[in-house]
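Before any comments, here is the structure.
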Amino acid sequence: MNISFIGTGIMATAIIKSILDHNLFKEEEIMGSFHRDKNAQEIKDHYRINTTTSNIEAAKFGDIVVFSIKPQVFESIANEVKDYIKDSQLVMSIMAGIDIETLQKNLLHKKVVRCMPNTPAQIGKGMTVWTATKEVEENTKESVKQILSSLGDEMYVDDEVYVDMATAISGTGPAYVFLFLESLINAGVHLGFSRKDSTELVYKTTLGSVLFAIQSGKHTSELRDMVTSPGGTAADALYELEKGGFRTVLEKAVYAAYQRTNYLKDLNKKKGA
């Protein structure tokens, strides 16, 4: 089996590295298309895979053809390659804001998997939510599952709407976490820690808290109560967070990301109409 990537950005490169590290594909079974010769050569030298500057060549090569381009250029590239994708091939998309209907319509193709990975996939700690059309066979789904599992964890959903929801939670989620980390680090610096020490304290505390939450199996409210003594420091801190609308602001942020996902989907549908 061969796999090809149309557009080989950061996430596609992470997938290439992961499937090679997990021996899912050999170097000669992988191809990536690039806009520039220089980029193609750099990846070829580093990963020893096939590279090209022709999207058509990449579309012909893979049993699995991964679209990892920017959503705004999808329509033009789809027009370029749609006549070269065979019914037997699987189209796999990691593009945000492009739904299955748009993929099928623009590519004239039915066998489609839509995925929403996130940036921790670059270190094998990603979370990917995905779905597939009814035309995708079970053995092909298993191959997709192995590919996505090499990036970290994966979650298959029957309804595409959950992929859109995941875009707002796990896809965009690292941005929320990074802002939280940045704010907490800055608070530590304000108290008097060096930025280096504050960063270490925040990173290790956050990592430990997440691992503890996963392993404990307890509800987050129970875990919070374990840290919060009556009249203690955590009680005062949490009071200020609640007074400042911490929960509400975060929930609104997630919903805003979800609304933006739906807006982009509708926009891309109109463009292809």
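Just remember, in the structure tokens the first chain shown is A, the second B, etc., residues are 1-based per chain, and ligands are 1-based in the order shown.
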Check the DSSP output for the backbone and give back, as JSON, numbers by chain, the residues of range 189-242 of chain A in helix (DSSP H, G or I). {"A": [189, 190, 191, 195, 196, 197, 198, 199, 200, 201, 202, 203, 204, 205, 206, 207, 208, 209, 210, 211, 212, 213, 214, 215, 216, 220, 221, 222, 223, 224, 225, 226, 227, 233, 234, 235, 236, 237, 238, 239, 240, 241, 242]}
Do a neighbour search on Thr199 in chain A at 12 Å with only C-alpha atoms, toss out local chain neighbours closer than 5 positions, and write the hits as a ChimeraX atom specification. /A:178,180-189,193-194,204-206
Top pick for closest residue to Asp87 in chain A, considering A:Val136, A:Cys115, A:Ile10, A:Ile43 and counting only C-alpha atoms: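 Closest residue, counting only C-alpha atoms: A:Val136.
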Excluding Lys105 in chain A and residues on its chain fewer than 3 positions from it, collect all residues at most 10 Å away from it, counting only C-alpha atoms, and give them as a ChimeraX atom specification. /A:78,82,100-102,108-110,269,272-273
With all heavy atoms retained, write the just-selected residues as a short mmCIF file (atom, residue, chain, number, x, y, z; two decimals), in the first residue's frame.
data_model
loop_
_atom_site.label_atom_id
_atom_site.label_comp_id
_atom_site.auth_asym_id
_atom_site.auth_seq_id
_atom_site.Cartn_x
_atom_site.Cartn_y
_atom_site.Cartn_z
N ALA A 78 -8.31 20.79 -6.05
CA ALA A 78 -9.28 19.74 -6.38
C ALA A 78 -9.56 19.72 -7.88
O ALA A 78 -9.62 18.64 -8.49
CB ALA A 78 -10.56 19.95 -5.60
N LYS A 82 -8.80 16.12 -9.63
CA LYS A 82 -10.00 15.29 -9.51
C LYS A 82 -10.12 14.21 -10.59
O LYS A 82 -10.68 13.14 -10.34
CB LYS A 82 -11.25 16.16 -9.51
CG LYS A 82 -11.47 16.94 -10.80
CD LYS A 82 -12.69 17.85 -10.68
CE LYS A 82 -12.91 18.65 -11.95
NZ LYS A 82 -14.05 19.58 -11.82
N ILE A 100 -17.29 16.77 4.40
CA ILE A 100 -17.27 15.62 3.49
C ILE A 100 -18.03 15.91 2.21
O ILE A 100 -17.59 15.54 1.12
CB ILE A 100 -17.83 14.37 4.20
CG1 ILE A 100 -16.82 13.85 5.23
CG2 ILE A 100 -18.18 13.28 3.19
CD1 ILE A 100 -17.31 12.71 6.09
N GLU A 101 -19.17 16.57 2.32
CA GLU A 101 -19.95 16.89 1.13
C GLU A 101 -19.13 17.72 0.14
O GLU A 101 -19.15 17.47 -1.08
CB GLU A 101 -21.21 17.67 1.53
CG GLU A 101 -22.11 18.02 0.35
CD GLU A 101 -23.32 18.84 0.77
OE1 GLU A 101 -23.58 18.97 1.97
OE2 GLU A 101 -24.00 19.37 -0.14
N THR A 102 -18.38 18.69 0.65
CA THR A 102 -17.54 19.54 -0.21
C THR A 102 -16.40 18.74 -0.81
O THR A 102 -16.06 18.90 -1.99
CB THR A 102 -17.00 20.73 0.59
OG1 THR A 102 -18.09 21.46 1.16
CG2 THR A 102 -16.18 21.66 -0.28
N LEU A 108 -15.19 14.65 -6.92
CA LEU A 108 -15.98 13.63 -7.65
C LEU A 108 -15.62 12.24 -7.12
O LEU A 108 -15.40 11.29 -7.88
CB LEU A 108 -15.71 13.71 -9.16
CG LEU A 108 -15.91 15.08 -9.81
CD1 LEU A 108 -15.53 15.05 -11.28
CD2 LEU A 108 -17.35 15.56 -9.63
N HIS A 109 -15.59 12.12 -5.80
CA HIS A 109 -15.09 10.90 -5.17
C HIS A 109 -15.89 10.61 -3.91
O HIS A 109 -16.23 11.52 -3.15
CB HIS A 109 -13.61 11.09 -4.84
CG HIS A 109 -12.90 9.83 -4.48
ND1 HIS A 109 -12.59 8.85 -5.40
CD2 HIS A 109 -12.44 9.36 -3.29
CE1 HIS A 109 -11.95 7.85 -4.79
NE2 HIS A 109 -11.87 8.14 -3.50
N LYS A 110 -16.17 9.32 -3.65
CA LYS A 110 -17.04 8.93 -2.55
C LYS A 110 -16.29 8.42 -1.30
O LYS A 110 -16.76 8.59 -0.18
CB LYS A 110 -18.03 7.85 -3.01
CG LYS A 110 -19.04 8.34 -4.05
CD LYS A 110 -19.94 9.41 -3.48
CE LYS A 110 -21.02 9.83 -4.47
NZ LYS A 110 -21.87 10.91 -3.93
N LYS A 269 -18.54 25.72 0.96
CA LYS A 269 -19.62 25.13 0.15
C LYS A 269 -20.09 26.12 -0.92
O LYS A 269 -20.30 25.76 -2.07
CB LYS A 269 -20.80 24.76 1.05
CG LYS A 269 -20.65 23.45 1.78
CD LYS A 269 -21.91 23.14 2.55
CE LYS A 269 -21.78 21.82 3.29
NZ LYS A 269 -23.01 21.50 4.06
N GLY A 272 -17.71 26.43 -3.79
CA GLY A 272 -17.72 25.31 -4.72
C GLY A 272 -19.04 25.12 -5.45
O GLY A 272 -19.17 24.24 -6.28
N ALA A 273 -20.02 25.97 -5.08
CA ALA A 273 -21.35 25.80 -5.68
C ALA A 273 -21.37 26.22 -7.16
O ALA A 273 -20.62 27.08 -7.57
CB ALA A 273 -22.36 26.63 -4.89
#
List as number ranges by chain the protein and nucleic acid residues near Met1 in chain A, meaning an atom at most 9 Å away when only C-alpha atoms are counted, but skip any in the same chain fewer than 4 places from it. A: 25, 29, 62-64
For Ile123 in chain A, which residue out of A:Asp164, A:Asp158, A:Glu242, A:Asp153 is the nearest one, using only C-alpha atoms?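 Looking only at the distances to Ile123 in chain A, the closest residue turns out to be A:Asp153.
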Here is a test: counting only C-alpha atoms, which residue of A:Ile147, A:Ala121, A:Ile3, A:Leu264 is nearest to Ile98 in chain A? A:Leu264
Work out how far CA of Arg224 in chain A is from CA of Ala237 in chain A, in Å to one decimal.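 A separation of 11.9 Å between them.
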